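This is my_file22.tsv. It holds TSV, C-alpha atoms.
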chain	number	residue	atom	x	y	z
R	1	MET	CA	65.48	127.47	30.56
R	2	SER	CA	65.12	131.18	31.18
R	3	ASP	CA	68.30	131.27	33.27
R	4	HIS	CA	70.28	129.75	30.39
R	5	PRO	CA	69.22	131.80	27.36
R	6	THR	CA	70.92	131.14	24.05
R	7	ARG	CA	70.55	132.79	20.68
R	8	ALA	CA	73.20	130.97	18.66
R	9	PRO	CA	73.72	127.22	18.61
R	10	ARG	CA	75.98	125.43	21.02
R	11	VAL	CA	77.09	122.52	18.90
R	12	ILE	CA	78.60	119.28	20.17
R	13	ILE	CA	81.13	117.32	18.16
R	14	THR	CA	81.31	113.74	19.41
R	15	GLY	CA	82.71	110.34	18.58
R	16	THR	CA	85.04	107.91	20.21
R	17	SER	CA	88.73	108.60	20.75
R	18	GLY	CA	90.95	108.89	17.71
R	19	THR	CA	88.33	110.12	15.23
R	20	GLY	CA	89.78	113.59	14.62
R	21	LYS	CA	87.54	115.59	16.98
R	22	THR	CA	90.38	117.59	18.50
R	23	SER	CA	91.85	118.46	15.09
R	24	LEU	CA	88.42	119.58	13.93
R	25	VAL	CA	87.78	121.66	17.05
R	26	ASN	CA	91.24	123.25	16.75
R	27	ALA	CA	90.52	124.18	13.12
R	28	LEU	CA	87.21	125.75	14.15
R	29	SER	CA	89.07	127.75	16.81
R	30	GLN	CA	91.56	128.95	14.20
R	31	ALA	CA	88.59	130.01	12.07
R	32	GLY	CA	87.50	132.30	14.92
R	33	TYR	CA	84.82	130.21	16.64
R	34	GLN	CA	84.60	129.74	20.37
R	35	VAL	CA	85.46	126.13	21.15
R	36	PHE	CA	85.66	124.03	24.29
R	37	ALA	CA	88.25	121.29	24.69
R	38	GLU	CA	87.41	117.71	25.55
R	39	PRO	CA	86.56	117.54	29.27
R	40	MET	CA	87.84	113.98	29.66
R	41	ARG	CA	91.31	114.82	28.40
R	42	ALA	CA	91.50	117.90	30.65
R	43	LEU	CA	90.44	115.88	33.68
R	44	LEU	CA	92.84	113.01	32.94
R	45	SER	CA	95.72	115.45	32.35
R	46	GLU	CA	95.06	116.89	35.81
R	47	GLN	CA	94.51	113.59	37.64
R	48	VAL	CA	96.89	111.04	36.05
R	49	PRO	CA	100.25	112.47	37.20
R	50	ASP	CA	99.38	112.05	40.89
R	51	ASP	CA	96.93	109.12	40.60
R	52	GLY	CA	94.24	111.61	41.62
R	53	PRO	CA	91.03	110.74	43.42
R	54	ASP	CA	88.85	111.69	40.42
R	55	LEU	CA	90.22	109.01	38.10
R	56	PRO	CA	87.70	106.38	37.03
R	57	SER	CA	90.00	103.70	38.44
R	58	ASN	CA	89.89	105.37	41.88
R	59	SER	CA	86.30	106.59	42.07
R	60	PRO	CA	83.99	106.24	39.07
R	61	PRO	CA	81.24	108.35	40.72
R	62	ARG	CA	83.66	111.23	41.41
R	63	PHE	CA	84.98	110.96	37.86
R	64	ILE	CA	81.47	111.25	36.42
R	65	ARG	CA	80.55	114.17	38.70
R	66	ARG	CA	83.70	116.04	37.65
R	67	LEU	CA	83.05	115.40	33.95
R	68	GLN	CA	79.50	116.65	34.36
R	69	ALA	CA	80.69	119.76	36.19
R	70	ILE	CA	83.23	120.57	33.48
R	71	CYS	CA	80.61	120.19	30.73
R	72	GLU	CA	78.17	122.41	32.61
R	73	GLN	CA	80.84	125.09	33.18
R	74	ASP	CA	81.65	125.04	29.47
R	75	VAL	CA	77.98	125.63	28.60
R	76	LYS	CA	77.83	128.51	31.10
R	77	HIS	CA	80.83	130.16	29.43
R	78	ALA	CA	79.58	129.80	25.86
R	79	ASN	CA	79.04	133.06	23.99
R	80	PRO	CA	75.28	133.23	23.26
R	81	ASP	CA	75.78	135.51	20.25
R	82	GLN	CA	77.76	133.19	17.98
R	83	PRO	CA	77.87	129.48	17.26
R	84	CYS	CA	80.30	127.63	19.50
R	85	PHE	CA	81.57	124.08	19.45
R	86	PHE	CA	82.20	121.51	22.16
R	87	ASP	CA	84.57	118.55	21.89
R	88	ARG	CA	82.07	116.21	23.59
R	89	GLY	CA	79.12	117.18	25.80
R	90	LEU	CA	76.86	115.97	28.58
R	91	PRO	CA	75.53	112.95	26.64
R	92	ASP	CA	79.11	111.68	26.46
R	93	VAL	CA	79.11	111.76	30.28
R	94	VAL	CA	76.03	109.51	30.16
R	95	ALA	CA	78.01	107.03	28.04
R	96	TYR	CA	80.94	107.13	30.48
R	97	ALA	CA	78.59	106.71	33.45
R	98	GLU	CA	77.13	103.61	31.85
R	99	ARG	CA	80.62	102.34	30.99
R	100	PHE	CA	81.73	102.65	34.62
R	101	SER	CA	78.42	101.42	36.12
R	102	VAL	CA	77.54	104.80	37.63
R	103	ASP	CA	73.92	105.99	37.73
R	104	PRO	CA	73.57	108.48	34.84
R	105	THR	CA	70.33	110.02	36.18
R	106	PRO	CA	71.96	113.25	37.45
R	107	VAL	CA	73.47	113.83	34.01
R	108	PHE	CA	70.15	113.15	32.25
R	109	GLU	CA	68.51	115.63	34.61
R	110	SER	CA	71.05	118.41	34.13
R	111	PRO	CA	69.30	121.64	33.10
R	112	TYR	CA	72.23	122.27	30.77
R	113	MET	CA	71.36	119.27	28.58
R	114	ALA	CA	68.72	121.43	26.84
R	115	CYS	CA	71.20	124.22	26.12
R	116	TYR	CA	72.85	122.43	23.21
R	117	ALA	CA	71.72	122.45	19.58
R	118	PRO	CA	69.29	119.59	18.89
R	119	PHE	CA	71.76	117.96	16.50
R	120	VAL	CA	75.26	116.68	17.16
R	121	PHE	CA	78.10	116.18	14.71
R	122	CYS	CA	79.32	112.63	15.09
R	123	LEU	CA	82.74	111.56	13.84
R	124	PRO	CA	82.81	107.83	13.12
R	125	PRO	CA	85.74	105.56	14.03
R	126	TRP	CA	88.45	105.87	11.41
R	127	ARG	CA	91.20	103.25	11.54
R	128	GLU	CA	93.54	105.16	9.21
R	129	ILE	CA	93.89	108.13	11.58
R	130	PHE	CA	93.54	106.26	14.88
R	131	ILE	CA	96.58	106.32	17.17
R	132	ASN	CA	97.00	105.38	20.80
R	133	ASP	CA	98.50	107.90	23.18
R	134	GLU	CA	98.99	108.26	26.92
R	135	PHE	CA	95.20	108.46	27.49
R	136	ARG	CA	94.07	105.91	24.88
R	137	GLY	CA	94.77	102.43	26.13
R	138	MET	CA	92.10	100.41	24.31
R	139	THR	CA	92.27	98.78	20.90
R	140	PHE	CA	90.60	100.28	17.85
R	141	GLU	CA	87.90	97.60	18.09
R	142	GLN	CA	87.20	98.51	21.73
R	143	TYR	CA	86.85	102.16	20.74
R	144	GLU	CA	84.47	101.15	17.95
R	145	SER	CA	82.32	99.41	20.55
R	146	PHE	CA	82.40	102.44	22.85
R	147	HIS	CA	81.42	104.63	19.88
R	148	GLU	CA	78.15	102.68	19.70
R	149	ARG	CA	77.58	103.40	23.40
R	150	ILE	CA	78.18	107.12	22.78
R	151	CYS	CA	75.71	107.17	19.87
R	152	HIS	CA	73.13	105.36	21.99
R	153	ALA	CA	73.57	107.89	24.83
R	154	TYR	CA	72.94	110.79	22.44
R	155	GLN	CA	69.83	109.11	21.10
R	156	GLN	CA	68.60	108.49	24.67
R	157	CYS	CA	69.06	112.21	25.34
R	158	GLY	CA	67.01	113.12	22.27
R	159	PHE	CA	69.73	114.43	19.95
R	160	GLU	CA	69.89	113.91	16.21
R	161	LEU	CA	73.25	112.48	15.14
R	162	ILE	CA	74.76	113.97	11.98
R	163	ASP	CA	77.55	111.74	10.65
R	164	VAL	CA	80.57	113.71	9.51
R	165	PRO	CA	82.34	112.19	6.48
R	166	ARG	CA	85.84	110.74	6.76
R	167	VAL	CA	87.60	113.55	4.91
R	168	GLY	CA	90.39	115.99	5.72
R	169	VAL	CA	90.05	118.58	8.47
R	170	GLU	CA	89.35	121.52	6.12
R	171	ALA	CA	86.61	119.57	4.37
R	172	ARG	CA	85.12	118.64	7.73
R	173	VAL	CA	85.08	122.29	8.82
R	174	GLU	CA	83.35	123.19	5.55
R	175	TYR	CA	80.83	120.37	6.07
R	176	LEU	CA	79.93	121.57	9.60
R	177	LEU	CA	79.64	125.23	8.67
R	178	SER	CA	77.63	124.43	5.55
R	179	TYR	CA	75.28	122.27	7.62
R	180	LEU	CA	74.80	125.13	10.12
R	181	ASP	CA	74.01	127.52	7.26
R	182	ARG	CA	71.37	125.13	5.92
R	183	HIS	CA	69.97	124.12	9.34
R	184	PRO	CA	70.02	127.06	11.75
R	185	ALA	CA	69.68	125.86	15.32
R	186	SER	CA	68.96	129.01	17.27
R	187	LEU	CA	67.65	128.10	20.68
R	188	PRO	CA	65.19	130.04	22.84

Could you quickly redo this structure as structure tokens?
Amino acid sequence: MSDHPTRAPRVIITGTSGTGKTSLVNALSQAGYQVFAEPMRALLSEQVPDDGPDLPSNSPPRFIRRLQAICEQDVKHANPDQPCFFDRGLPDVVAYAERFSVDPTPVFESPYMACYAPFVFCLPPWREIFINDEFRGMTFEQYESFHERICHAYQQCGFELIDVPRVGVEARVEYLLSYLDRHPASLP
């Protein structure tokens, strides 16, 4: 990993859609941390208006390759001198690859997989805050099922899942930062 040195942790926040990840990442950004937006939402925002070729409905392999590329670019642009946070990471791409029957091997083999902190903050499904929007077409129960797939992908990739309590955004920020203070994850 000598070409990808890190000194401060690159921390993933994961969970299925509608769990409050984006609100949490936005609050961390407002607190002065470098954050990276959810790659899936960025890709869908770009592709949906014109029924683009990288949509999973048009080409699942292209969709997975693009998600992987976005995640890897985010890791490359992370500031190595301070903790930074990602709204999803490469293991999420593994879960999507499996969901769309695409071989996840290239994602597993990405050299950037080892650039993240060894633990991941996982936001569980939370019915009370769940809402559908233009990119969320499944039911809450379907998202709960996909959440299990996400958790399994992270475990396959060797990450420790840290469940974040179902509390308000400020309390979640405090929980994450307190955890980082107690469990430094500086990487070589």

Residues of region 18-47 of chain R at most 8 Å from region 65-68 of chain R: nearest atom pair and distance in Å, only C-alpha atoms, as a Markdown table:
| residue | atom | partner | partner_atom | distance |
| --- | --- | --- | --- | --- |
| R:Pro39 | CA | R:Leu67 | CA | 6.2 |
| R:Met40 | CA | R:Leu67 | CA | 6.6 |
| R:Leu43 | CA | R:Leu67 | CA | 7.4 |

Please write the residues from the selection above to a file, keeping C-alpha atoms, as a PDB file, in the frame of the given file.
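To be explicit, this is the file written out as out-v6.pdb:
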ATOM      1  CA  PRO R  39      86.560 117.540  29.270  1.00  0.00           C
ATOM      2  CA  MET R  40      87.840 113.980  29.660  1.00  0.00           C
ATOM      3  CA  LEU R  43      90.440 115.880  33.680  1.00  0.00           C
TER       4      LEU R  43
END

Fill in: Top pick for closest residue to Pro184 (chain R), considering R:Gln47, R:Gln82, R:Thr16, R:Ser110 and counting only C-alpha atoms
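Result for the nearest residue to Pro184 (chain R): R:Gln82.
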
Worksheet entry | Nearest-residue call for Glu72 (chain R), choices R:Cys122, R:Ala95, R:Leu180, R:Cys115, using all atoms listed in the file |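 Of R:Cys122, R:Ala95, R:Leu180, R:Cys115, the one nearest Glu72 (chain R), counting all atoms listed in the file, is R:Cys115.
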
Worksheet entry | Distance of CA of Ile70 (chain R) from CA of Leu44 (chain R), expressed in Å to one decimal place | 12.2 Å

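Put simply, CA of Cys151 (chain R) is 24.2 Å away from CA of Lys76 (chain R).
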
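Between CA of Arg149 (chain R) and CA of Ile162 (chain R) the interatomic distance comes to 15.8 Å.
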
Worksheet entry | Test item: residues at most 8 Å from region 141-147 of chain R, only C-alpha atoms, excluding those fewer than 3 positions along its chain, as a PyMOL selection string | chain R and resi 15-17+124-125+138+150-151

Discussion item. Neighbouring residues of region 152-156 of chain R were defined as those with any atom within 7 Å, considering only C-alpha atoms; residues of the same chain fewer than 3 positions away were excluded. Please report them as a list in words.
Written reply: Pro91, Asp92, Val94, Ala95, Glu148, Arg149, Phe159 and Glu160 of chain R

Report, as lines of an AutoDock Vina configuration file, the axis-aligned box around all atoms of region 30-45 of chain R present in the file, extended by 6 Å on each side; give centre and edge lengths in Å to one decimal place.
center_x = 90.2
center_y = 122.7
center_z = 22.9
size_x = 23.1
size_y = 31.3
size_z = 33.6

Item to complete: Determine, counting only C-alpha atoms, which protein, DNA and RNA residues have an atom within 12 Å of an atom of Ala42 (chain R); residues of the same chain fewer than 5 positions away are not included. Present the result as an NGL selection string.
Response: :R and (36-37 or 47-48 or 54-55 or 63 or 66-67 or 70-71 or 87-88 or 135)

Worksheet entry | Counting only C-alpha atoms, the residue of R:Phe119, R:Arg182, R:Glu98, R:Val173 that sits nearest Gln30 (chain R) |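 Closest to Gln30 (chain R), using only C-alpha atoms: R:Val173.
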
Discussion item. Which residue is closest to Lys21 (chain R)? Choose from R:Leu123, R:Val75, R:Leu161, R:Ala171 and count only C-alpha atoms.
Written reply: R:Leu123

Worksheet item: Of the candidates R:Glu46, R:Pro106, R:Phe85, R:Asp74, which shows the shortest atom-to-atom distance to Leu176 (chain R), using all atoms listed in the file?
Response: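 For Leu176 (chain R), the nearest of the given residues is R:Phe85.
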
Worksheet, complete the sentence: Judged by all atoms listed in the file, the minimum distance to Asp181 (chain R) among R:Pro83, R:Pro118, R:Gln34, R:Val93 is found for R:Pro83

Final N, CA and C atoms of region 159-177 of chain R as a PDB file, in the coordinates of the input:
ATOM      1  N   PHE R 159      68.987 113.687  20.972  1.00  0.00           N
ATOM      2  CA  PHE R 159      69.730 114.430  19.950  1.00  0.00           C
ATOM      3  C   PHE R 159      69.716 113.694  18.623  1.00  0.00           C
ATOM      4  N   GLU R 160      69.744 114.467  17.547  1.00  0.00           N
ATOM      5  CA  GLU R 160      69.890 113.910  16.210  1.00  0.00           C
ATOM      6  C   GLU R 160      71.378 113.834  15.889  1.00  0.00           C
ATOM      7  N   LEU R 161      71.841 112.662  15.486  1.00  0.00           N
ATOM      8  CA  LEU R 161      73.250 112.480  15.140  1.00  0.00           C
ATOM      9  C   LEU R 161      73.463 112.762  13.661  1.00  0.00           C
ATOM     10  N   ILE R 162      74.398 113.640  13.358  1.00  0.00           N
ATOM     11  CA  ILE R 162      74.760 113.970  11.980  1.00  0.00           C
ATOM     12  C   ILE R 162      76.160 113.396  11.742  1.00  0.00           C
ATOM     13  N   ASP R 163      76.249 112.353  10.928  1.00  0.00           N
ATOM     14  CA  ASP R 163      77.550 111.740  10.650  1.00  0.00           C
ATOM     15  C   ASP R 163      78.394 112.659   9.788  1.00  0.00           C
ATOM     16  N   VAL R 164      79.618 112.877  10.233  1.00  0.00           N
ATOM     17  CA  VAL R 164      80.570 113.710   9.510  1.00  0.00           C
ATOM     18  C   VAL R 164      81.418 112.777   8.640  1.00  0.00           C
ATOM     19  N   PRO R 165      81.578 113.092   7.361  1.00  0.00           N
ATOM     20  CA  PRO R 165      82.340 112.190   6.480  1.00  0.00           C
ATOM     21  C   PRO R 165      83.810 112.085   6.894  1.00  0.00           C
ATOM     22  N   ARG R 166      84.404 110.980   6.520  1.00  0.00           N
ATOM     23  CA  ARG R 166      85.840 110.740   6.760  1.00  0.00           C
ATOM     24  C   ARG R 166      86.621 111.439   5.647  1.00  0.00           C
ATOM     25  N   VAL R 167      86.852 112.720   5.857  1.00  0.00           N
ATOM     26  CA  VAL R 167      87.600 113.550   4.910  1.00  0.00           C
ATOM     27  C   VAL R 167      88.571 114.391   5.717  1.00  0.00           C
ATOM     28  N   GLY R 168      89.415 115.150   5.039  1.00  0.00           N
ATOM     29  CA  GLY R 168      90.390 115.990   5.720  1.00  0.00           C
ATOM     30  C   GLY R 168      89.740 117.043   6.616  1.00  0.00           C
ATOM     31  N   VAL R 169      90.546 117.627   7.477  1.00  0.00           N
ATOM     32  CA  VAL R 169      90.050 118.580   8.470  1.00  0.00           C
ATOM     33  C   VAL R 169      89.362 119.771   7.806  1.00  0.00           C
ATOM     34  N   GLU R 170      89.966 120.356   6.776  1.00  0.00           N
ATOM     35  CA  GLU R 170      89.350 121.520   6.120  1.00  0.00           C
ATOM     36  C   GLU R 170      87.990 121.171   5.538  1.00  0.00           C
ATOM     37  N   ALA R 171      87.890 119.993   4.940  1.00  0.00           N
ATOM     38  CA  ALA R 171      86.610 119.570   4.370  1.00  0.00           C
ATOM     39  C   ALA R 171      85.586 119.323   5.470  1.00  0.00           C
ATOM     40  N   ARG R 172      86.035 118.838   6.608  1.00  0.00           N
ATOM     41  CA  ARG R 172      85.120 118.640   7.730  1.00  0.00           C
ATOM     42  C   ARG R 172      84.607 119.977   8.261  1.00  0.00           C
ATOM     43  N   VAL R 173      85.496 120.950   8.380  1.00  0.00           N
ATOM     44  CA  VAL R 173      85.080 122.290   8.820  1.00  0.00           C
ATOM     45  C   VAL R 173      84.030 122.826   7.847  1.00  0.00           C
ATOM     46  N   GLU R 174      84.297 122.713   6.567  1.00  0.00           N
ATOM     47  CA  GLU R 174      83.350 123.190   5.550  1.00  0.00           C
ATOM     48  C   GLU R 174      82.010 122.464   5.680  1.00  0.00           C
ATOM     49  N   TYR R 175      82.056 121.160   5.921  1.00  0.00           N
ATOM     50  CA  TYR R 175      80.830 120.370   6.070  1.00  0.00           C
ATOM     51  C   TYR R 175      80.001 120.883   7.257  1.00  0.00           C
ATOM     52  N   LEU R 176      80.644 121.088   8.407  1.00  0.00           N
ATOM     53  CA  LEU R 176      79.930 121.570   9.600  1.00  0.00           C
ATOM     54  C   LEU R 176      79.324 122.942   9.373  1.00  0.00           C
ATOM     55  N   LEU R 177      80.124 123.859   8.862  1.00  0.00           N
ATOM     56  CA  LEU R 177      79.640 125.230   8.670  1.00  0.00           C
ATOM     57  C   LEU R 177      78.539 125.289   7.621  1.00  0.00           C
TER      58      LEU R 177
END
